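What follows is the content of my_file.csv (CSV, C-alpha atoms).
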chain,number,residue,atom,x,y,z
A,16,MET,CA,-22.7,22.3,11.5
A,17,ASN,CA,-21.4,19.7,9.2
A,18,TYR,CA,-17.7,18.9,9.1
A,19,ILE,CA,-16.6,17.4,5.8
A,20,GLY,CA,-13.4,15.5,4.9
A,21,ILE,CA,-12.6,14.7,1.3
A,22,ASP,CA,-9.6,12.5,0.5
A,23,ILE,CA,-9.0,12.3,-3.2
A,24,GLY,CA,-6.5,9.5,-3.8
A,25,SER,CA,-5.0,8.3,-7.0
A,26,THR,CA,-7.5,5.4,-7.2
A,27,CYS,CA,-10.5,6.3,-5.1
A,28,ALA,CA,-12.0,9.4,-3.5
A,29,LYS,CA,-13.4,9.1,0.0
A,30,THR,CA,-15.8,11.5,1.7
A,31,VAL,CA,-16.8,11.6,5.4
A,32,VAL,CA,-19.3,14.0,7.1
A,33,LEU,CA,-19.3,14.5,10.8
A,34,ASN,CA,-21.9,16.2,13.0
A,35,GLU,CA,-21.4,18.4,16.1
A,36,LYS,CA,-20.8,15.2,18.2
A,37,LYS,CA,-18.0,14.0,15.8
A,38,GLU,CA,-20.4,11.2,14.7
A,39,ILE,CA,-20.2,10.0,11.1
A,40,ILE,CA,-23.5,10.9,9.5
A,41,ARG,CA,-22.5,10.2,5.9
A,42,GLU,CA,-19.6,8.4,4.1
A,43,PHE,CA,-19.1,7.3,0.5
A,44,VAL,CA,-16.3,6.2,-1.8
A,45,GLN,CA,-16.0,6.5,-5.6
A,46,PRO,CA,-13.4,6.0,-8.2
A,47,THR,CA,-11.2,9.0,-8.8
A,48,GLY,CA,-11.2,8.6,-12.5
A,49,TRP,CA,-9.1,10.6,-14.9
A,50,SER,CA,-9.9,14.1,-13.5
A,51,SER,CA,-9.7,15.0,-9.8
A,52,VAL,CA,-11.6,18.2,-10.7
A,53,ASP,CA,-14.5,16.2,-12.1
A,54,THR,CA,-14.4,13.9,-9.1
A,55,ALA,CA,-14.6,16.9,-6.7
A,56,GLU,CA,-17.6,18.3,-8.6
A,57,GLU,CA,-19.3,14.9,-8.3
A,58,ILE,CA,-18.7,14.8,-4.6
A,59,ARG,CA,-20.1,18.4,-4.3
A,60,GLN,CA,-23.3,17.3,-6.1
A,61,LYS,CA,-23.7,14.2,-3.9
A,62,LEU,CA,-23.3,16.3,-0.7
A,63,GLU,CA,-25.8,18.9,-1.8
A,64,LEU,CA,-28.3,16.3,-2.9
A,65,SER,CA,-28.2,14.9,0.7
A,66,GLY,CA,-28.9,18.4,2.0
A,67,ILE,CA,-25.4,19.6,2.9
A,68,ASN,CA,-24.8,23.2,1.7
A,69,LEU,CA,-21.2,23.9,1.0
A,70,SER,CA,-21.7,27.6,0.2
A,71,ASP,CA,-22.8,28.9,3.7
A,72,ASP,CA,-21.6,28.9,7.3
A,73,SER,CA,-23.3,25.6,8.1
A,74,SER,CA,-20.3,23.5,6.9
A,75,CYS,CA,-16.6,23.4,7.0
A,76,CYS,CA,-14.7,21.3,4.4
A,77,VAL,CA,-11.1,20.1,4.4
A,78,ALA,CA,-9.5,18.3,1.5
A,79,THR,CA,-6.5,16.0,1.5
A,80,GLY,CA,-4.8,13.4,-0.6
A,81,TYR,CA,-3.4,13.2,-4.1
A,82,GLY,CA,-6.1,15.5,-5.6
A,83,ARG,CA,-6.7,17.9,-2.7
A,84,ILE,CA,-5.8,21.0,-4.7
A,85,SER,CA,-8.6,20.1,-7.1
A,86,VAL,CA,-11.4,20.8,-4.5
A,87,PRO,CA,-12.3,24.5,-5.1
A,88,TYR,CA,-15.0,24.6,-2.4
A,89,ALA,CA,-12.6,23.3,0.4
A,90,ASP,CA,-12.0,25.8,3.2
A,91,LYS,CA,-8.5,24.3,3.6
A,92,THR,CA,-6.2,21.7,2.2
A,93,VAL,CA,-4.1,19.5,4.6
A,94,THR,CA,-1.4,16.9,4.0
A,95,GLU,CA,-2.2,13.2,4.0
A,96,ILE,CA,0.2,12.5,6.9
A,97,THR,CA,-1.6,14.9,9.2
A,98,CYS,CA,-5.1,13.6,8.3
A,99,HIS,CA,-4.1,9.9,8.5
A,100,ALA,CA,-2.7,10.5,11.9
A,101,LEU,CA,-5.8,12.3,13.2
A,102,GLY,CA,-8.1,9.7,11.7
A,103,ALA,CA,-6.1,6.7,13.1
A,104,VAL,CA,-6.0,8.2,16.7
A,105,HIS,CA,-9.7,8.8,16.6
A,106,LEU,CA,-10.6,5.5,14.9
A,107,PHE,CA,-8.5,3.2,17.1
A,108,GLN,CA,-8.7,5.4,20.3
A,109,GLN,CA,-5.0,5.1,20.9
A,110,PRO,CA,-2.5,8.0,21.3
A,111,ASP,CA,0.6,5.9,20.4
A,112,LEU,CA,0.4,4.1,17.1
A,113,THR,CA,2.3,3.0,14.1
A,114,VAL,CA,0.1,3.4,11.0
A,115,ILE,CA,0.7,1.4,7.8
A,116,ASP,CA,-1.3,3.0,5.0
A,117,ILE,CA,-1.1,1.3,1.6
A,118,GLY,CA,-2.7,3.4,-1.0
A,119,GLY,CA,-3.1,3.3,-4.8
A,120,GLN,CA,0.3,4.8,-5.6
A,121,ASP,CA,2.2,5.2,-2.3
A,122,THR,CA,2.8,3.5,1.0
A,123,LYS,CA,3.0,5.5,4.2
A,124,ILE,CA,4.4,4.5,7.6
A,125,ILE,CA,3.4,7.0,10.3
A,126,GLN,CA,4.7,6.9,13.9
A,127,ILE,CA,2.3,8.7,16.3
A,128,GLU,CA,3.2,9.6,19.8
A,129,GLN,CA,0.8,11.1,22.3
A,130,GLY,CA,-1.6,11.8,19.4
A,131,PHE,CA,0.9,13.7,17.2
A,132,VAL,CA,3.1,12.7,14.3
A,133,LYS,CA,6.6,11.8,15.5
A,134,ASP,CA,8.0,10.5,12.3
A,135,PHE,CA,6.9,9.2,8.9
A,136,ILE,CA,8.3,7.7,5.7
A,137,MET,CA,6.8,7.3,2.3
A,138,ASN,CA,7.4,5.1,-0.7
A,139,ASP,CA,6.1,7.2,-3.6
A,140,LYS,CA,8.8,6.7,-6.3
A,141,CYS,CA,7.8,3.1,-7.3
A,142,ALA,CA,4.6,1.2,-7.6
A,143,ALA,CA,6.0,-1.9,-5.8
A,144,GLY,CA,4.2,-2.5,-2.5
A,145,THR,CA,1.2,-0.4,-3.4
A,146,GLY,CA,-2.4,-0.9,-4.5
A,147,ARG,CA,-1.3,-0.3,-8.1
A,148,PHE,CA,1.2,-3.2,-7.9
A,149,LEU,CA,-1.7,-5.5,-6.8
A,150,ASP,CA,-3.9,-4.2,-9.6
A,151,VAL,CA,-1.3,-5.0,-12.2
A,152,MET,CA,-0.7,-8.5,-10.8
A,153,ALA,CA,-4.5,-9.2,-10.7
A,154,GLY,CA,-4.6,-8.2,-14.3
A,155,VAL,CA,-1.9,-10.6,-15.3
A,156,LEU,CA,-3.6,-13.4,-13.4
A,157,GLU,CA,-7.0,-12.5,-14.8
A,158,VAL,CA,-8.7,-12.3,-11.4
A,159,LYS,CA,-10.5,-9.5,-9.6
A,160,VAL,CA,-8.4,-7.5,-7.2
A,161,GLN,CA,-11.0,-7.9,-4.5
A,162,ASP,CA,-10.7,-11.7,-4.8
A,163,LEU,CA,-7.0,-11.7,-4.1
A,164,GLY,CA,-7.3,-12.2,-0.3
A,165,HIS,CA,-9.7,-15.2,-0.6
A,166,LEU,CA,-7.5,-16.8,-3.3
A,167,ASP,CA,-4.4,-16.4,-1.1
A,168,SER,CA,-6.2,-18.5,1.6
A,169,LEU,CA,-6.5,-21.4,-0.8
A,170,SER,CA,-2.7,-21.6,-1.4
A,171,LYS,CA,-1.1,-24.9,-0.6
A,172,LYS,CA,2.5,-24.5,-1.8
A,173,ARG,CA,5.0,-21.7,-1.2
A,174,VAL,CA,6.0,-19.8,-4.3
A,175,GLU,CA,8.4,-16.9,-4.1
A,176,ILE,CA,8.0,-13.8,-6.2
A,177,SER,CA,11.4,-12.3,-5.5
A,178,SER,CA,11.4,-9.1,-7.5
A,179,THR,CA,10.1,-5.9,-5.8
A,180,CYS,CA,9.9,-4.2,-9.2
A,181,THR,CA,6.5,-4.2,-10.8
A,182,VAL,CA,7.8,-4.9,-14.3
A,183,PHE,CA,10.1,-7.7,-13.2
A,184,ALA,CA,7.5,-9.2,-10.9
A,185,GLU,CA,5.1,-9.3,-13.8
A,186,SER,CA,7.6,-11.3,-15.8
A,187,GLU,CA,8.1,-13.7,-12.8
A,188,VAL,CA,4.3,-14.2,-12.6
A,189,ILE,CA,4.0,-14.9,-16.3
A,190,SER,CA,6.9,-17.4,-16.0
A,191,GLN,CA,5.2,-19.1,-13.1
A,192,LEU,CA,1.9,-19.3,-15.0
A,193,SER,CA,3.7,-20.9,-18.0
A,194,MET,CA,5.1,-23.6,-15.7
A,195,GLY,CA,1.6,-24.4,-14.6
A,196,THR,CA,1.9,-23.0,-11.1
A,197,ASP,CA,-1.4,-22.6,-9.3
A,198,LYS,CA,-2.7,-19.0,-9.3
A,199,CYS,CA,-3.5,-19.2,-5.6
A,200,ASP,CA,0.1,-20.0,-4.8
A,201,ILE,CA,1.4,-17.2,-7.0
A,202,ILE,CA,-1.0,-14.7,-5.3
A,203,ALA,CA,0.3,-15.8,-1.8
A,204,GLY,CA,3.8,-15.2,-3.1
A,205,ILE,CA,2.8,-11.7,-4.4
A,206,HIS,CA,1.4,-10.8,-1.0
A,207,ARG,CA,4.6,-11.9,0.7
A,208,SER,CA,6.5,-9.7,-1.7
A,209,VAL,CA,4.4,-6.7,-0.8
A,210,ALA,CA,4.8,-7.5,2.9
A,211,HIS,CA,8.5,-7.7,2.6
A,212,ARG,CA,8.7,-4.4,0.8
A,213,VAL,CA,6.5,-2.6,3.3
A,214,THR,CA,8.3,-4.2,6.3
A,215,GLY,CA,11.6,-2.9,5.0
A,216,LEU,CA,10.1,0.6,4.9
A,217,ALA,CA,8.6,0.2,8.4
A,218,HIS,CA,11.8,-0.9,10.0
A,219,ARG,CA,13.5,2.3,8.7
A,220,ILE,CA,11.6,4.4,11.2
A,221,GLY,CA,10.7,1.7,13.7
A,222,VAL,CA,7.5,-0.1,14.6
A,223,VAL,CA,5.9,0.6,18.0
A,224,PRO,CA,2.7,-0.9,19.3
A,225,ALA,CA,-0.2,-0.6,18.6
A,226,LEU,CA,0.2,-1.4,14.9
A,227,VAL,CA,-2.8,-0.4,12.7
A,228,MET,CA,-3.4,-0.6,9.0
A,229,THR,CA,-5.4,1.8,6.9
A,230,GLY,CA,-6.1,2.3,3.2
A,231,GLY,CA,-7.9,0.1,0.6
A,232,VAL,CA,-5.2,-2.6,0.7
A,233,ALA,CA,-6.1,-3.2,4.4
A,234,GLN,CA,-9.2,-5.0,3.2
A,235,ASN,CA,-6.9,-7.7,1.6
A,236,GLU,CA,-6.6,-10.4,4.2
A,237,GLY,CA,-3.7,-12.0,2.3
A,238,VAL,CA,-1.5,-8.9,2.6
A,239,VAL,CA,-2.5,-8.3,6.2
A,240,LYS,CA,-1.6,-12.0,7.1
A,241,ALA,CA,1.7,-11.7,5.3
A,242,LEU,CA,2.6,-8.4,7.0
A,243,GLN,CA,1.7,-9.9,10.4
A,244,ASN,CA,4.1,-12.8,9.7
A,245,GLU,CA,6.9,-10.4,8.6
A,246,LEU,CA,6.5,-8.0,11.5
A,247,GLY,CA,5.8,-10.6,14.1
A,248,CYS,CA,2.8,-8.7,15.7
A,249,GLU,CA,-0.9,-8.3,15.3
A,250,ILE,CA,-2.2,-5.6,13.0
A,251,HIS,CA,-5.5,-3.9,14.0
A,252,ARG,CA,-8.0,-2.7,11.4
A,253,SER,CA,-11.5,-1.1,11.3
A,254,PRO,CA,-14.5,-1.4,9.0
A,255,LEU,CA,-13.9,2.3,8.3
A,256,THR,CA,-10.2,1.8,7.6
A,257,GLN,CA,-10.5,2.9,3.9
A,258,TYR,CA,-12.0,6.2,5.1
A,259,ASN,CA,-9.2,7.0,7.5
A,260,GLY,CA,-7.8,10.0,5.5
A,261,ALA,CA,-11.2,11.5,4.9
A,262,LEU,CA,-12.1,11.0,8.6
A,263,GLY,CA,-8.9,12.8,9.6
A,264,ALA,CA,-9.7,15.7,7.2
A,265,ALA,CA,-13.3,15.9,8.7
A,266,LEU,CA,-11.8,16.0,12.2
A,267,TYR,CA,-9.4,18.7,11.1
A,268,ALA,CA,-12.4,20.7,9.8
A,269,TYR,CA,-14.0,20.2,13.2
A,270,GLN,CA,-10.9,21.5,15.0
A,271,ALA,CA,-10.6,24.5,12.6
A,272,ALA,CA,-14.2,25.5,13.1
A,273,SER,CA,-13.9,25.2,16.8
A,274,ARG,CA,-10.9,27.5,16.9
A,275,ARG,CA,-12.9,30.1,14.9
A,276,ALA,CA,-15.9,29.9,17.2

Write out the structure in this file as structure tokens.
Amino acid sequence: MNYIGIDIGSTCAKTVVLNEKKEIIREFVQPTGWSSVDTAEEIRQKLELSGINLSDDSSCCVATGYGRISVPYADKTVTEITCHALGAVHLFQQPDLTVIDIGGQDTKIIQIEQGFVKDFIMNDKCAAGTGRFLDVMAGVLEVKVQDLGHLDSLSKKRVEISSTCTVFAESEVISQLSMGTDKCDIIAGIHRSVAHRVTGLAHRIGVVPALVMTGGVAQNEGVVKALQNELGCEIHRSPLTQYNGALGAALYAYQAASRRA
């Protein structure tokens, strides 16, 4: 049996395949693009090329994320909160966690107790504090978004980006550039702005140890450092952190298939 988890986010689609021992035997990420339906079809083709048949009883597939309803071959669709909780508990081997997941268009804070979701809160009404916010800022600064963490580490002067609104923050960044402010200092200020926004969200439901971070933004060392300073505690990550939602979906598929057996 193959247990497949597909997490179609607003920016990237992640796929994880587990075997009978819950071991990851395949994982890949790709841009979501304009059409979640087209992305789902591309994933199906990649899976079948690797020998995974989605049309018989040798696999169970669960879809989650922004585009989960666009996966016609999924046996079930499950909410992101459930999948991120399952994935985090498995990934970090802890039953009690606070998960900070910063995605392309939303930020989720999930409180997990004894392996189950106790509470959660989402910021999905505004791009501030999300991956999209960082994409916009990187565009204004004319740098690659994957270079933001490194450039932050080169900052030598504290610069504040006070606005939590993407539009107003963009104006602040342009103003700082016009004054000749170093880009590295601006980037560090942007990361502190993101951390301040996410910390405010986290404090609304409470932060309990252990604290972990998932999602693509967890790969940005500058944001992680700023969040640790704001929250006053260490944030744990994993090399598979970007796949957390897809991993949780695959684990849900495993559980669902086990119940049917």

Considering all atoms listed in the file, tabulate each residue of segment 109-158 of chain A that lies at most 12 Å from segment 234-248 of chain A along with its nearest interatomic pair and the corresponding distance in Å to one decimal; arrange the rows by chain and ascending residue number and present them as CSV.
residue,atom,partner,partner_atom,distance
A:Thr113,CA,A:Cys248,CA,11.8
A:Ile115,CA,A:Leu242,CA,10.0
A:Asp116,CA,A:Gln234,CA,11.4
A:Ile117,CA,A:Val238,CA,10.3
A:Gly118,CA,A:Gln234,CA,11.4
A:Gly144,CA,A:Val238,CA,10.0
A:Thr145,CA,A:Val238,CA,10.7
A:Gly146,CA,A:Asn235,CA,10.2
A:Leu149,CA,A:Val238,CA,10.0

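The nearest approach to Glu42 of chain A among the residues A:Ile124, A:Leu62, A:Val174, A:Ala55, with only C-alpha atoms taken into account, belongs to A:Leu62.
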
Point-to-point distance from atom CA of Val114 of chain A to atom CA of Glu249 of chain A, Å rounded to tenths: 12.5 Å

Nearest residue to Thr26 of chain A from the set A:Pro254, A:Gly130, A:Gly263, A:Gly230 (distances using all atoms listed in the file): A:Gly230

Å distance separating atom CA of Val151 of chain A from atom CA of Val232 of chain A, one decimal place: 13.7 Å

Option closest in space to Lys172 of chain A, from A:Cys199, A:Ile58, A:Met16, A:Val158 [counting only C-alpha atoms]: A:Cys199

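With atom CA of Leu112 of chain A on one side and atom CA of Gly260 of chain A on the other, the separation reads 15.4 Å.
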
All residues 7 Å or closer to Tyr18 of chain A, all atoms listed in the file, same chain fewer than 3 positions away omitted, as a PyMOL selection string: chain A and resi 32-34+74-76+265+268-269

How would segment 17-31 of chain A look with N, CA, C and O atoms restored, written as a PDB file, in the frame of the given file?
ATOM      1  N   ASN A  17     -21.897  20.913   9.750  1.00  0.00           N
ATOM      2  CA  ASN A  17     -21.400  19.700   9.200  1.00  0.00           C
ATOM      3  C   ASN A  17     -19.882  19.866   8.924  1.00  0.00           C
ATOM      4  O   ASN A  17     -19.433  20.919   8.447  1.00  0.00           O
ATOM      5  N   TYR A  18     -19.130  18.853   9.256  1.00  0.00           N
ATOM      6  CA  TYR A  18     -17.700  18.900   9.100  1.00  0.00           C
ATOM      7  C   TYR A  18     -17.307  17.831   8.056  1.00  0.00           C
ATOM      8  O   TYR A  18     -17.483  16.637   8.288  1.00  0.00           O
ATOM      9  N   ILE A  19     -16.805  18.289   6.922  1.00  0.00           N
ATOM     10  CA  ILE A  19     -16.600  17.400   5.800  1.00  0.00           C
ATOM     11  C   ILE A  19     -15.152  17.178   5.484  1.00  0.00           C
ATOM     12  O   ILE A  19     -14.353  18.122   5.418  1.00  0.00           O
ATOM     13  N   GLY A  20     -14.790  15.928   5.326  1.00  0.00           N
ATOM     14  CA  GLY A  20     -13.400  15.500   4.900  1.00  0.00           C
ATOM     15  C   GLY A  20     -13.465  14.841   3.604  1.00  0.00           C
ATOM     16  O   GLY A  20     -14.246  13.909   3.417  1.00  0.00           O
ATOM     17  N   ILE A  21     -12.653  15.316   2.673  1.00  0.00           N
ATOM     18  CA  ILE A  21     -12.600  14.700   1.300  1.00  0.00           C
ATOM     19  C   ILE A  21     -11.151  14.288   1.073  1.00  0.00           C
ATOM     20  O   ILE A  21     -10.237  15.108   1.132  1.00  0.00           O
ATOM     21  N   ASP A  22     -10.975  13.021   0.814  1.00  0.00           N
ATOM     22  CA  ASP A  22      -9.600  12.500   0.500  1.00  0.00           C
ATOM     23  C   ASP A  22      -9.648  11.942  -0.904  1.00  0.00           C
ATOM     24  O   ASP A  22     -10.190  10.864  -1.173  1.00  0.00           O
ATOM     25  N   ILE A  23      -9.062  12.720  -1.811  1.00  0.00           N
ATOM     26  CA  ILE A  23      -9.000  12.300  -3.200  1.00  0.00           C
ATOM     27  C   ILE A  23      -7.685  11.606  -3.470  1.00  0.00           C
ATOM     28  O   ILE A  23      -6.645  12.245  -3.598  1.00  0.00           O
ATOM     29  N   GLY A  24      -7.728  10.286  -3.503  1.00  0.00           N
ATOM     30  CA  GLY A  24      -6.500   9.500  -3.800  1.00  0.00           C
ATOM     31  C   GLY A  24      -6.358   9.257  -5.250  1.00  0.00           C
ATOM     32  O   GLY A  24      -7.194   9.652  -6.069  1.00  0.00           O
ATOM     33  N   SER A  25      -5.293   8.575  -5.595  1.00  0.00           N
ATOM     34  CA  SER A  25      -5.000   8.300  -7.000  1.00  0.00           C
ATOM     35  C   SER A  25      -5.983   7.321  -7.618  1.00  0.00           C
ATOM     36  O   SER A  25      -6.223   7.331  -8.817  1.00  0.00           O
ATOM     37  N   THR A  26      -6.565   6.467  -6.772  1.00  0.00           N
ATOM     38  CA  THR A  26      -7.500   5.400  -7.200  1.00  0.00           C
ATOM     39  C   THR A  26      -8.937   5.727  -6.853  1.00  0.00           C
ATOM     40  O   THR A  26      -9.841   5.663  -7.677  1.00  0.00           O
ATOM     41  N   CYS A  27      -9.138   6.040  -5.569  1.00  0.00           N
ATOM     42  CA  CYS A  27     -10.500   6.300  -5.100  1.00  0.00           C
ATOM     43  C   CYS A  27     -10.562   7.590  -4.276  1.00  0.00           C
ATOM     44  O   CYS A  27      -9.571   8.022  -3.678  1.00  0.00           O
ATOM     45  N   ALA A  28     -11.751   8.180  -4.292  1.00  0.00           N
ATOM     46  CA  ALA A  28     -12.000   9.400  -3.500  1.00  0.00           C
ATOM     47  C   ALA A  28     -12.967   8.998  -2.369  1.00  0.00           C
ATOM     48  O   ALA A  28     -13.988   8.354  -2.605  1.00  0.00           O
ATOM     49  N   LYS A  29     -12.605   9.389  -1.143  1.00  0.00           N
ATOM     50  CA  LYS A  29     -13.400   9.100   0.000  1.00  0.00           C
ATOM     51  C   LYS A  29     -13.941  10.343   0.658  1.00  0.00           C
ATOM     52  O   LYS A  29     -13.210  11.329   0.738  1.00  0.00           O
ATOM     53  N   THR A  30     -15.185  10.309   1.110  1.00  0.00           N
ATOM     54  CA  THR A  30     -15.800  11.500   1.700  1.00  0.00           C
ATOM     55  C   THR A  30     -16.441  11.053   3.057  1.00  0.00           C
ATOM     56  O   THR A  30     -17.109  10.024   3.130  1.00  0.00           O
ATOM     57  N   VAL A  31     -16.198  11.854   4.093  1.00  0.00           N
ATOM     58  CA  VAL A  31     -16.800  11.600   5.400  1.00  0.00           C
ATOM     59  C   VAL A  31     -17.402  12.928   5.906  1.00  0.00           C
ATOM     60  O   VAL A  31     -16.781  13.990   5.783  1.00  0.00           O
TER      61      VAL A  31
END
